[in-house]
Structures are given as C-alpha cells and as structure tokens.
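Asker: Supplied in structure tokens, the structure appears directly below.
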Amino acid sequence: GLELTPALMRRISESFIDNLAKIHGVDYVAAGLGDAGKPDGYVTRQVDGWIKRYHNARTDDISEMERIAGWLVEHKPAEAGACLIHNDYKYDNLILDPQDVAQIKAVLDWEMATIGDALMDLGSTLGYWVDADDPADWQKQSFGLTTRPGNLNREQLLERYVARSGRPVSNAVFYYAYGLFKIAVIVQQIYARYKQGLTQDARFAELIHLVRAASLTACLA
C-alpha cells in the first residue's frame with residue numbers, strides 16, 4: 001500500500017546518503033571502537049585482497065575483470081582518513097520509519113564493518129547504486145529501488161555526500177570502479193561455489209552474467 005512517488009523517492013535517497021555521512025562522522029574512539037580495525041594501508045589491502053579473492057574464485061576468462069584489477073592497482077589514491085565504515089551500505093540494509101519512510105530508523109548487517117577509509121565505503125555504496133541510464137545488462141541486476149523516478153543519481157549522491165560530510169572526493173571514478181569490482185568478486189565467489197557443486201540453488205547458475213555486467217560497467221566508467 002506504499003506509493004513510492006518521485007518526491008518520496010528523492011527524500012529517501014537524500015536521507016540514505018545523509019545517513020552514510022553521519023556514520024562516517026561518528027567519533028569511533030569515543031564510541032569504544034578504536035581497536036575495531038586497522039585503517040593504515042586500508043586502500044592497498046582492499047585492492048590487493050579483492051583481486052586475490054577474484055583469482056581464487058575465477059571460473060571464466062573475463063577480460064574486463066583483469067583490466068579493472070590492473071587499473072585499480074595503478075590508480076590507488078592516498079588514504080582519505082579513517083572512520084567507522086559499514087562496507088555494505090545499500091537500500092535493503094535500512095529499516096525505515098513506517099510513519100515516514102524517508103526517515104531511517106536503523107541500519108542492518110554490520111558484519112563487515114570496520115575502521116577504514118570512508119571513500120572506499122562510499123565507493124561500495126555507489127557500486128550498488130544503479131542509475132536508470134546505466135548499461136542495460138547492469139540495470140537488469142538492479143539492487144533495490146535506485147532506478148525509480150525521483151532518486152538522486154550517483155553524481156548527485158556524491159555531491160550531497162561531499163556537502164554533508166565535508167570530505168572532498170577527487171578520485172570518484174576509482175572508488176566507483178572499486179565498488180563495482182568488489183561486487184563482481186562477491187558474486188563470482190558465490191558462482192564458483194555453485195560450479196563446484198557446493199550449493200544447489202539453481203538461481204546461482206546465472207550469476208556469471210552479473211560478474212560480466214559489473215566489470216563491463218566499471219570499464220565504461
């Protein structure tokens with residue numbers, strides 16, 4: 001019975017990115033989370049780690065994945081500053097207020113949370129955010145309701161994040177490409193388990209197409 005009008009979707013998307021900026025603004029030391037991660041060298045560890053995970057789970061020759069992996073290594077930016085990061089921040093990990101669904105009541109799935117680089121976290125979020133004018137194959141893999149009319153697009157999300165957080169973002173393409181690569185690797189790992197017969201869920205048989213779509217979208221970025 002919920003009518004997701006363009007005006008409402010805009011408010012939800014604004015709350016969505018504002019809340020990410022708030023999470024990144026938490027005084028994690030005062031919150032008792034000072035030892036919850038190792039922020040030094042976070043960017044390098046993430047890039048190298050996700051490339052290694054991809055090679056360990058690779059089942060098909062996908063030239064775009066190799067291209068993006070090499071590009072990420074060559075274009076790693078300097079650390080952007082340590083903060084509390086969620087690492088899986090997207091629409092379907094939010095609890096919204098039933099009285100006003102543009103208000104966020106809680107954020108779920110903190111299993112990958114750590115103290116790390118804020119902009120790497122932003123990149124993961126942008127990777128999940130599919131725009132209505134993205135490549136058709138990537139739109140088919142849309143995560144949540146991001147393509148509905150009224151949503152901020154990725155560029156607007158980025159601009160609003162910078163305004164709300166006060167953090168400049170000078171390497172936006174890197175962080176977005178990293179987010180897409182990370183998503184592709186996560187899906188590749190699931191697909192590899194299916195190919196090995198470790199899971200029987202027939203839905204996983206098509207996941208290789210998502211890997212291809214994510215890596216191609218990253219190359220076009």
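Residue numbering restarts at 1 for every chain of the structure tokens, chains are lettered A, B, ... in their displayed order, and ligands are numbered from 1 as they appear.
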Write out as an NGL selection string each polymer residue whose atoms come within 12 Å of region 53-63 of chain A, counting only C-alpha atoms; drop sequence neighbours fewer than 3 positions from it.
Answerer: :A and (45-50 or 66-70 or 181-196 or 207-216 or 219)
Asker: Just to be explicit: take each residue in the selection above, keep N, CA, C and O atoms, and write the result as a short mmCIF file (atom, residue, chain, number, x, y, z; two decimals), in the first residue's frame.
Answerer:
```cif
data_model
loop_
_atom_site.label_atom_id
_atom_site.label_comp_id
_atom_site.auth_asym_id
_atom_site.auth_seq_id
_atom_site.Cartn_x
_atom_site.Cartn_y
_atom_site.Cartn_z
N ARG A 45 45.30 -2.75 0.99
CA ARG A 45 44.85 -4.08 1.43
C ARG A 45 43.56 -4.49 0.74
O ARG A 45 43.38 -5.65 0.35
N GLN A 46 42.63 -3.55 0.59
CA GLN A 46 41.36 -3.87 -0.04
C GLN A 46 41.54 -4.19 -1.52
O GLN A 46 40.98 -5.17 -2.02
N VAL A 47 42.29 -3.36 -2.22
CA VAL A 47 42.50 -3.61 -3.65
C VAL A 47 43.19 -4.95 -3.86
O VAL A 47 42.73 -5.80 -4.64
N ASP A 48 44.29 -5.16 -3.14
CA ASP A 48 45.03 -6.42 -3.30
C ASP A 48 44.19 -7.62 -2.86
O ASP A 48 44.23 -8.68 -3.49
N GLY A 49 43.45 -7.44 -1.78
CA GLY A 49 42.67 -8.55 -1.25
C GLY A 49 41.55 -8.98 -2.18
O GLY A 49 41.33 -10.18 -2.40
N TRP A 50 40.83 -8.02 -2.76
CA TRP A 50 39.72 -8.38 -3.65
C TRP A 50 40.23 -8.96 -4.96
O TRP A 50 39.60 -9.84 -5.55
N GLU A 66 40.07 -8.52 -15.46
CA GLU A 66 41.54 -8.37 -15.39
C GLU A 66 41.93 -6.92 -15.65
O GLU A 66 42.85 -6.39 -15.01
N ARG A 67 41.23 -6.30 -16.59
CA ARG A 67 41.54 -4.90 -16.91
C ARG A 67 41.29 -3.99 -15.71
O ARG A 67 42.12 -3.14 -15.37
N ILE A 68 40.13 -4.18 -15.05
CA ILE A 68 39.82 -3.35 -13.89
C ILE A 68 40.77 -3.62 -12.74
O ILE A 68 41.21 -2.69 -12.05
N ALA A 69 41.14 -4.87 -12.54
CA ALA A 69 42.08 -5.20 -11.47
C ALA A 69 43.40 -4.46 -11.66
O ALA A 69 43.93 -3.86 -10.72
N GLY A 70 43.92 -4.49 -12.88
CA GLY A 70 45.17 -3.79 -13.15
C GLY A 70 45.04 -2.29 -12.99
O GLY A 70 45.93 -1.63 -12.47
N PHE A 181 33.93 -3.61 -8.84
CA PHE A 181 34.82 -4.77 -8.83
C PHE A 181 34.55 -5.63 -7.60
O PHE A 181 34.47 -6.87 -7.69
N LYS A 182 34.41 -4.99 -6.46
CA LYS A 182 34.15 -5.72 -5.22
C LYS A 182 32.85 -6.52 -5.32
O LYS A 182 32.80 -7.70 -4.94
N ILE A 183 31.79 -5.89 -5.84
CA ILE A 183 30.52 -6.59 -6.03
C ILE A 183 30.70 -7.78 -6.96
O ILE A 183 30.20 -8.88 -6.70
N ALA A 184 31.43 -7.56 -8.06
CA ALA A 184 31.66 -8.64 -9.02
C ALA A 184 32.38 -9.82 -8.37
O ALA A 184 32.06 -10.98 -8.64
N VAL A 185 33.35 -9.52 -7.52
CA VAL A 185 34.11 -10.60 -6.87
C VAL A 185 33.22 -11.36 -5.89
O VAL A 185 33.27 -12.60 -5.81
N ILE A 186 32.41 -10.65 -5.12
CA ILE A 186 31.49 -11.32 -4.18
C ILE A 186 30.59 -12.28 -4.94
O ILE A 186 30.39 -13.44 -4.53
N VAL A 187 30.05 -11.82 -6.06
CA VAL A 187 29.16 -12.66 -6.87
C VAL A 187 29.94 -13.82 -7.48
O VAL A 187 29.45 -14.95 -7.55
N GLN A 188 31.16 -13.54 -7.93
CA GLN A 188 32.00 -14.59 -8.51
C GLN A 188 32.26 -15.70 -7.50
O GLN A 188 32.26 -16.89 -7.84
N GLN A 189 32.47 -15.33 -6.25
CA GLN A 189 32.71 -16.34 -5.22
C GLN A 189 31.49 -17.24 -5.03
O GLN A 189 31.62 -18.46 -4.87
N ILE A 190 30.31 -16.64 -5.08
CA ILE A 190 29.08 -17.43 -4.95
C ILE A 190 28.92 -18.36 -6.16
O ILE A 190 28.59 -19.55 -6.04
N TYR A 191 29.18 -17.80 -7.36
CA TYR A 191 29.08 -18.58 -8.58
C TYR A 191 30.07 -19.75 -8.58
O TYR A 191 29.75 -20.87 -9.00
N ALA A 192 31.28 -19.50 -8.09
CA ALA A 192 32.29 -20.56 -8.03
C ALA A 192 31.83 -21.70 -7.14
O ALA A 192 32.06 -22.89 -7.46
N ARG A 193 31.19 -21.39 -6.04
CA ARG A 193 30.66 -22.43 -5.16
C ARG A 193 29.59 -23.26 -5.88
O ARG A 193 29.53 -24.48 -5.72
N TYR A 194 28.78 -22.58 -6.66
CA TYR A 194 27.75 -23.29 -7.44
C TYR A 194 28.41 -24.23 -8.46
O TYR A 194 28.01 -25.39 -8.61
N LYS A 195 29.41 -23.72 -9.18
CA LYS A 195 30.09 -24.52 -10.20
C LYS A 195 30.78 -25.74 -9.58
O LYS A 195 30.88 -26.79 -10.22
N GLN A 196 31.23 -25.59 -8.35
CA GLN A 196 31.90 -26.70 -7.66
C GLN A 196 30.92 -27.69 -7.03
O GLN A 196 31.33 -28.70 -6.46
N LEU A 207 24.64 -16.22 -12.26
CA LEU A 207 25.39 -15.15 -11.61
C LEU A 207 26.61 -14.69 -12.41
O LEU A 207 27.06 -13.55 -12.25
N ILE A 208 27.14 -15.55 -13.27
CA ILE A 208 28.30 -15.13 -14.05
C ILE A 208 27.95 -13.93 -14.94
O ILE A 208 28.82 -13.10 -15.25
N HIS A 209 26.67 -13.80 -15.33
CA HIS A 209 26.27 -12.67 -16.15
C HIS A 209 26.34 -11.37 -15.35
O HIS A 209 26.65 -10.30 -15.91
N LEU A 210 26.09 -11.45 -14.06
CA LEU A 210 26.22 -10.27 -13.20
C LEU A 210 27.69 -9.85 -13.09
O LEU A 210 28.01 -8.66 -13.10
N VAL A 211 28.57 -10.83 -12.98
CA VAL A 211 30.00 -10.54 -12.92
C VAL A 211 30.43 -9.80 -14.19
O VAL A 211 31.14 -8.79 -14.14
N ARG A 212 29.99 -10.30 -15.33
CA ARG A 212 30.34 -9.66 -16.60
C ARG A 212 29.76 -8.25 -16.69
O ARG A 212 30.44 -7.31 -17.13
N ALA A 213 28.50 -8.10 -16.27
CA ALA A 213 27.86 -6.79 -16.36
C ALA A 213 28.55 -5.77 -15.44
O ALA A 213 28.74 -4.61 -15.83
N ALA A 214 28.92 -6.19 -14.24
CA ALA A 214 29.58 -5.27 -13.31
C ALA A 214 30.95 -4.84 -13.83
O ALA A 214 31.30 -3.65 -13.77
N SER A 215 31.71 -5.78 -14.36
CA SER A 215 33.05 -5.43 -14.84
C SER A 215 32.99 -4.58 -16.10
O SER A 215 33.80 -3.66 -16.27
N LEU A 216 32.04 -4.84 -16.98
CA LEU A 216 31.88 -4.01 -18.18
C LEU A 216 31.46 -2.59 -17.79
O LEU A 216 31.97 -1.62 -18.35
N CYS A 219 34.44 -0.74 -16.62
CA CYS A 219 35.31 -0.31 -17.72
C CYS A 219 34.76 0.93 -18.41
O CYS A 219 35.53 1.78 -18.87
#
```
Asker: What are the DSSP strand (DSSP E or B) residues of region 10-93 of chain A, as a ChimeraX atom specification?
Answerer: /A:82-85
Asker: Env of region 89-104 of chain A: 6 Å cut, atoms = only C-alpha atoms, seq-sep filter 5 positions within chain, self excluded. Answer as a list in words.
Answerer: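 In the requested format, the answer is Arg11, Ile12 and Thr125 of chain A.
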Asker: Can you write out the residues you just picked, keeping all heavy atoms, as a PDB file, in the first residue's frame?
Answerer:
```
ATOM      1  N   ARG A  11      13.312  12.094  -1.279  1.00  0.00           N
ATOM      2  CA  ARG A  11      13.551  12.257   0.158  1.00  0.00           C
ATOM      3  C   ARG A  11      14.264  11.045   0.750  1.00  0.00           C
ATOM      4  O   ARG A  11      15.176  11.186   1.573  1.00  0.00           O
ATOM      5  CB  ARG A  11      12.228  12.494   0.894  1.00  0.00           C
ATOM      6  CG  ARG A  11      11.579  13.853   0.616  1.00  0.00           C
ATOM      7  CD  ARG A  11      10.274  13.970   1.391  1.00  0.00           C
ATOM      8  NE  ARG A  11      10.522  13.847   2.829  1.00  0.00           N
ATOM      9  CZ  ARG A  11       9.702  13.225   3.679  1.00  0.00           C
ATOM     10  NH1 ARG A  11       8.587  12.652   3.233  1.00  0.00           N
ATOM     11  NH2 ARG A  11       9.990  13.170   4.962  1.00  0.00           N
ATOM     12  N   ILE A  12      13.856   9.853   0.323  1.00  0.00           N
ATOM     13  CA  ILE A  12      14.504   8.641   0.833  1.00  0.00           C
ATOM     14  C   ILE A  12      15.969   8.599   0.409  1.00  0.00           C
ATOM     15  O   ILE A  12      16.854   8.287   1.208  1.00  0.00           O
ATOM     16  CB  ILE A  12      13.761   7.386   0.327  1.00  0.00           C
ATOM     17  CG1 ILE A  12      12.360   7.318   0.932  1.00  0.00           C
ATOM     18  CG2 ILE A  12      14.544   6.119   0.684  1.00  0.00           C
ATOM     19  CD1 ILE A  12      11.511   6.190   0.372  1.00  0.00           C
ATOM     20  N   THR A 125      29.033   1.697  -1.857  1.00  0.00           N
ATOM     21  CA  THR A 125      27.649   2.147  -1.945  1.00  0.00           C
ATOM     22  C   THR A 125      27.307   2.607  -3.355  1.00  0.00           C
ATOM     23  O   THR A 125      26.241   2.274  -3.893  1.00  0.00           O
ATOM     24  CB  THR A 125      27.407   3.282  -0.942  1.00  0.00           C
ATOM     25  OG1 THR A 125      27.521   2.754   0.393  1.00  0.00           O
ATOM     26  CG2 THR A 125      26.044   3.914  -1.110  1.00  0.00           C
TER      27      THR A 125
END
```
Asker: So that I can see what lies close to Leu122 (chain A), please list as JSON, numbers by chain the residues with an atom at most 9 Å from it, counting only C-alpha atoms and leaving out residues fewer than 3 positions away in the same chain.
Answerer: {"A": [20, 85, 87, 89, 117, 118, 119, 125, 126, 127, 158, 161, 175, 176, 179]}
Asker: For all heavy atoms, I'd like the residues from the last selection saved as a tab-separated table (two decimals), in the first residue's frame.
Answerer:
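Result file out_9.tsv:
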```
chain	number	residue	atom	x	y	z
A	20	LEU	N	24.77	7.96	5.60
A	20	LEU	CA	26.12	7.43	5.42
A	20	LEU	C	27.15	8.44	5.90
A	20	LEU	O	28.14	8.08	6.56
A	20	LEU	CB	26.38	7.07	3.96
A	20	LEU	CG	27.76	6.47	3.66
A	20	LEU	CD1	27.95	5.16	4.40
A	20	LEU	CD2	27.94	6.27	2.16
A	85	ILE	N	33.24	2.50	9.09
A	85	ILE	CA	32.63	2.23	7.80
A	85	ILE	C	31.77	0.96	7.89
A	85	ILE	O	32.09	0.03	8.62
A	85	ILE	CB	33.66	2.11	6.66
A	85	ILE	CG1	34.63	0.96	6.88
A	85	ILE	CG2	34.42	3.41	6.51
A	85	ILE	CD1	35.59	0.75	5.72
A	87	ASN	N	30.55	-0.94	5.00
A	87	ASN	CA	31.06	-1.87	3.98
A	87	ASN	C	29.98	-2.63	3.22
A	87	ASN	O	30.30	-3.46	2.36
A	87	ASN	CB	32.05	-2.87	4.58
A	87	ASN	CG	33.49	-2.48	4.28
A	87	ASN	OD1	33.78	-1.86	3.27
A	87	ASN	ND2	34.40	-2.83	5.17
A	89	TYR	N	26.61	-0.80	2.67
A	89	TYR	CA	25.55	0.18	2.87
A	89	TYR	C	24.75	0.34	1.59
A	89	TYR	O	25.25	0.86	0.59
A	89	TYR	CB	26.15	1.52	3.30
A	89	TYR	CG	25.12	2.54	3.73
A	89	TYR	CD1	24.53	2.48	4.99
A	89	TYR	CD2	24.74	3.57	2.88
A	89	TYR	CE1	23.59	3.42	5.39
A	89	TYR	CE2	23.81	4.52	3.27
A	89	TYR	CZ	23.23	4.43	4.52
A	89	TYR	OH	22.29	5.36	4.91
A	117	ASP	N	38.76	3.35	5.39
A	117	ASP	CA	38.73	4.55	4.55
A	117	ASP	C	37.29	4.89	4.16
A	117	ASP	O	36.60	4.08	3.53
A	117	ASP	CB	39.58	4.31	3.30
A	117	ASP	CG	39.81	5.58	2.50
A	117	ASP	OD1	38.82	6.12	1.97
A	117	ASP	OD2	40.96	6.02	2.41
A	118	ALA	N	36.85	6.09	4.49
A	118	ALA	CA	35.47	6.50	4.23
A	118	ALA	C	35.11	6.41	2.76
A	118	ALA	O	34.01	5.99	2.40
A	118	ALA	CB	35.26	7.93	4.73
A	119	LEU	N	36.02	6.79	1.89
A	119	LEU	CA	35.69	6.87	0.47
A	119	LEU	C	35.65	5.49	-0.18
A	119	LEU	O	34.96	5.30	-1.19
A	119	LEU	CB	36.68	7.79	-0.26
A	119	LEU	CG	36.69	9.23	0.27
A	119	LEU	CD1	37.57	10.12	-0.61
A	119	LEU	CD2	35.27	9.81	0.37
A	125	THR	N	29.03	1.70	-1.86
A	125	THR	CA	27.65	2.15	-1.94
A	125	THR	C	27.31	2.61	-3.35
A	125	THR	O	26.24	2.27	-3.89
A	125	THR	CB	27.41	3.28	-0.94
A	125	THR	OG1	27.52	2.75	0.39
A	125	THR	CG2	26.04	3.91	-1.11
A	126	LEU	N	28.19	3.36	-3.98
A	126	LEU	CA	27.95	3.82	-5.35
A	126	LEU	C	27.90	2.65	-6.33
A	126	LEU	O	27.17	2.68	-7.32
A	126	LEU	CB	29.03	4.82	-5.78
A	126	LEU	CG	29.05	6.15	-5.01
A	126	LEU	CD1	30.20	7.02	-5.51
A	126	LEU	CD2	27.72	6.90	-5.16
A	127	GLY	N	28.68	1.61	-6.04
A	127	GLY	CA	28.65	0.43	-6.90
A	127	GLY	C	27.29	-0.24	-6.91
A	127	GLY	O	26.82	-0.72	-7.94
A	158	LEU	N	27.00	11.71	-4.79
A	158	LEU	CA	28.37	12.10	-4.49
A	158	LEU	C	28.44	13.55	-4.05
A	158	LEU	O	29.09	13.88	-3.04
A	158	LEU	CB	29.24	11.88	-5.73
A	158	LEU	CG	30.71	12.28	-5.62
A	158	LEU	CD1	31.41	11.46	-4.55
A	158	LEU	CD2	31.40	12.08	-6.98
A	161	TYR	N	26.98	13.88	-0.60
A	161	TYR	CA	27.88	13.30	0.41
A	161	TYR	C	29.01	14.27	0.74
A	161	TYR	O	29.34	14.48	1.92
A	161	TYR	CB	28.46	11.98	-0.09
A	161	TYR	CG	29.48	11.40	0.87
A	161	TYR	CD1	29.08	10.63	1.96
A	161	TYR	CD2	30.84	11.67	0.71
A	161	TYR	CE1	30.02	10.13	2.85
A	161	TYR	CE2	31.78	11.17	1.60
A	161	TYR	CZ	31.36	10.41	2.67
A	161	TYR	OH	32.29	9.92	3.56
A	175	TYR	N	36.86	5.07	-6.85
A	175	TYR	CA	36.04	4.48	-5.79
A	175	TYR	C	34.83	3.76	-6.37
A	175	TYR	O	34.43	2.70	-5.86
A	175	TYR	CB	35.62	5.56	-4.80
A	175	TYR	CG	36.78	6.19	-4.10
A	175	TYR	CD1	37.13	7.53	-4.33
A	175	TYR	CD2	37.58	5.46	-3.23
A	175	TYR	CE1	38.22	8.11	-3.71
A	175	TYR	CE2	38.68	6.03	-2.60
A	175	TYR	CZ	38.99	7.36	-2.85
A	175	TYR	OH	40.08	7.93	-2.23
A	176	TYR	N	34.24	4.31	-7.42
A	176	TYR	CA	33.11	3.67	-8.07
A	176	TYR	C	33.54	2.36	-8.73
A	176	TYR	O	32.88	1.32	-8.59
A	176	TYR	CB	32.48	4.61	-9.09
A	176	TYR	CG	31.36	4.02	-9.90
A	176	TYR	CD1	30.29	3.37	-9.30
A	176	TYR	CD2	31.37	4.12	-11.30
A	176	TYR	CE1	29.27	2.83	-10.05
A	176	TYR	CE2	30.34	3.60	-12.06
A	176	TYR	CZ	29.29	2.95	-11.43
A	176	TYR	OH	28.27	2.42	-12.18
A	179	GLY	N	34.06	-0.24	-6.16
A	179	GLY	CA	32.79	-0.77	-5.68
A	179	GLY	C	32.24	-1.82	-6.63
A	179	GLY	O	31.78	-2.88	-6.20
```
Asker: Which one is closest to Arg164 (chain A): A:Gly1, A:Glu206, A:Asp18, A:Leu8? Count only C-alpha atoms.
Answerer: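 Under the stated criterion, the closest residue is A:Asp18.
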Asker: Give the alpha helix (DSSP H) residues of region 61-118 of chain A, as assigned by DSSP on the backbone, as a VMD selection string.
Answerer: chain A and resid 63 to 74 118
Asker: How would the residues just picked look written out with all heavy atoms as a CSV table (one decimal), in the first residue's frame?
Answerer:
```
chain,number,residue,atom,x,y,z
A,63,SER,N,37.9,-10.7,-19.6
A,63,SER,CA,39.0,-9.7,-19.8
A,63,SER,C,38.7,-8.4,-19.0
A,63,SER,O,39.7,-7.8,-18.5
A,63,SER,CB,39.2,-9.4,-21.3
A,63,SER,OG,38.0,-8.8,-21.8
A,64,GLU,N,37.5,-8.0,-18.9
A,64,GLU,CA,37.2,-6.7,-18.2
A,64,GLU,C,37.5,-6.8,-16.7
A,64,GLU,O,38.0,-5.8,-16.1
A,64,GLU,CB,35.7,-6.4,-18.3
A,64,GLU,CG,35.2,-6.0,-19.7
A,64,GLU,CD,34.9,-7.2,-20.6
A,64,GLU,OE1,35.0,-8.3,-20.1
A,64,GLU,OE2,34.6,-7.0,-21.8
A,65,MET,N,37.4,-8.0,-16.1
A,65,MET,CA,37.8,-8.1,-14.7
A,65,MET,C,39.3,-8.0,-14.5
A,65,MET,O,39.8,-7.3,-13.6
A,65,MET,CB,37.4,-9.5,-14.2
A,65,MET,CG,35.9,-9.6,-13.9
A,65,MET,SD,35.3,-8.5,-12.6
A,65,MET,CE,35.9,-9.3,-11.1
A,66,GLU,N,40.1,-8.5,-15.5
A,66,GLU,CA,41.5,-8.4,-15.4
A,66,GLU,C,41.9,-6.9,-15.7
A,66,GLU,O,42.9,-6.4,-15.0
A,66,GLU,CB,42.2,-9.3,-16.4
A,66,GLU,CG,41.9,-10.8,-16.2
A,66,GLU,CD,42.4,-11.3,-14.9
A,66,GLU,OE1,43.3,-10.7,-14.3
A,66,GLU,OE2,42.0,-12.4,-14.5
A,67,ARG,N,41.2,-6.3,-16.6
A,67,ARG,CA,41.5,-4.9,-16.9
A,67,ARG,C,41.3,-4.0,-15.7
A,67,ARG,O,42.1,-3.1,-15.4
A,67,ARG,CB,40.7,-4.5,-18.1
A,67,ARG,CG,40.9,-3.0,-18.5
A,67,ARG,CD,40.0,-2.7,-19.7
A,67,ARG,NE,39.9,-1.2,-19.9
A,67,ARG,CZ,39.1,-0.6,-20.8
A,67,ARG,NH1,38.2,-1.4,-21.5
A,67,ARG,NH2,39.1,0.7,-21.0
A,68,ILE,N,40.1,-4.2,-15.0
A,68,ILE,CA,39.8,-3.3,-13.9
A,68,ILE,C,40.8,-3.6,-12.7
A,68,ILE,O,41.2,-2.7,-12.1
A,68,ILE,CB,38.4,-3.6,-13.4
A,68,ILE,CG1,37.4,-3.0,-14.5
A,68,ILE,CG2,38.1,-2.9,-12.1
A,68,ILE,CD1,37.5,-1.6,-14.8
A,69,ALA,N,41.1,-4.9,-12.5
A,69,ALA,CA,42.1,-5.2,-11.5
A,69,ALA,C,43.4,-4.5,-11.7
A,69,ALA,O,43.9,-3.9,-10.7
A,69,ALA,CB,42.3,-6.7,-11.4
A,70,GLY,N,43.9,-4.5,-12.9
A,70,GLY,CA,45.2,-3.8,-13.2
A,70,GLY,C,45.0,-2.3,-13.0
A,70,GLY,O,45.9,-1.6,-12.5
A,71,TRP,N,43.9,-1.8,-13.4
A,71,TRP,CA,43.7,-0.3,-13.3
A,71,TRP,C,43.6,0.1,-11.9
A,71,TRP,O,44.2,1.2,-11.5
A,71,TRP,CB,42.4,0.0,-14.1
A,71,TRP,CG,42.1,1.5,-14.2
A,71,TRP,CD1,42.6,2.4,-15.2
A,71,TRP,CD2,41.4,2.3,-13.3
A,71,TRP,NE1,42.1,3.6,-14.9
A,71,TRP,CE2,41.4,3.7,-13.8
A,71,TRP,CE3,40.8,2.1,-12.1
A,71,TRP,CZ2,40.8,4.7,-13.1
A,71,TRP,CZ3,40.2,3.2,-11.4
A,71,TRP,CH2,40.2,4.4,-11.9
A,72,LEU,N,42.9,-0.6,-11.0
A,72,LEU,CA,42.8,-0.3,-9.6
A,72,LEU,C,44.2,-0.2,-9.0
A,72,LEU,O,44.5,0.7,-8.2
A,72,LEU,CB,41.9,-1.3,-8.9
A,72,LEU,CG,40.4,-1.2,-9.3
A,72,LEU,CD1,39.7,-2.4,-8.6
A,72,LEU,CD2,39.8,0.1,-8.8
A,73,VAL,N,45.0,-1.2,-9.3
A,73,VAL,CA,46.4,-1.2,-8.7
A,73,VAL,C,47.2,0.0,-9.1
A,73,VAL,O,47.9,0.6,-8.3
A,73,VAL,CB,47.1,-2.5,-9.2
A,73,VAL,CG1,48.6,-2.4,-8.8
A,73,VAL,CG2,46.5,-3.7,-8.5
A,74,GLU,N,47.0,0.4,-10.4
A,74,GLU,CA,47.8,1.5,-10.9
A,74,GLU,C,47.3,2.9,-10.5
A,74,GLU,O,48.0,3.9,-10.5
A,74,GLU,CB,47.8,1.5,-12.4
A,74,GLU,CG,48.5,0.3,-13.0
A,74,GLU,CD,48.4,0.2,-14.5
A,74,GLU,OE1,47.7,1.1,-15.1
A,74,GLU,OE2,48.9,-0.8,-15.1
A,118,ALA,N,36.9,6.1,4.5
A,118,ALA,CA,35.5,6.5,4.2
A,118,ALA,C,35.1,6.4,2.8
A,118,ALA,O,34.0,6.0,2.4
A,118,ALA,CB,35.3,7.9,4.7
```
Asker: Which residues are near region 21-34 of chain A? Cut-off 10 Å, only C-alpha atoms, ignore same chain within fewer than 3 positions. Put them as an NGL selection string.
Answerer: :A and (15-18 or 37-38 or 82-86 or 107 or 114-119 or 121-122 or 160-167)
Asker: What does the distance from CA of Asp40 (chain A) to CA of Leu180 (chain A) come to in Å, to one decimal?
Answerer: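 Computing it gives 23.0 Å between the two atoms.
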Asker: For Ala132 (chain A), list every protein, DNA or RNA residue within 9 Å, evaluated using only C-alpha atoms, and leave out those in the same chain fewer than 4 positions away; present the list as a ChimeraX atom specification.
Answerer: /A:136,139,146-149,153
Asker: Can you write just those residues out, C-alpha atoms, as a PDB file, in the first residue's frame?
Answerer:
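Once everything was written out, this is selection.pdb:
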```pdb
ATOM      1  CA  ALA A 136      21.002  -2.352 -19.930  1.00  0.00           C
ATOM      2  CA  GLN A 139      20.194  -2.356 -14.953  1.00  0.00           C
ATOM      3  CA  THR A 146      17.578   3.011  -7.070  1.00  0.00           C
ATOM      4  CA  THR A 147      16.290   3.323 -10.641  1.00  0.00           C
ATOM      5  CA  ARG A 148      12.821   4.507  -9.601  1.00  0.00           C
ATOM      6  CA  PRO A 149      11.990   8.095 -10.635  1.00  0.00           C
ATOM      7  CA  ASN A 153      21.607   9.706  -9.330  1.00  0.00           C
TER       8      ASN A 153
END
```
Asker: So the first atom is CA of Glu111 (chain A) and the second is CA of Arg10 (chain A); what is the distance between them in Å, to one decimal place?
Answerer: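 If I compute the distance from CA of Glu111 (chain A) to CA of Arg10 (chain A), I get 28.3 Å.
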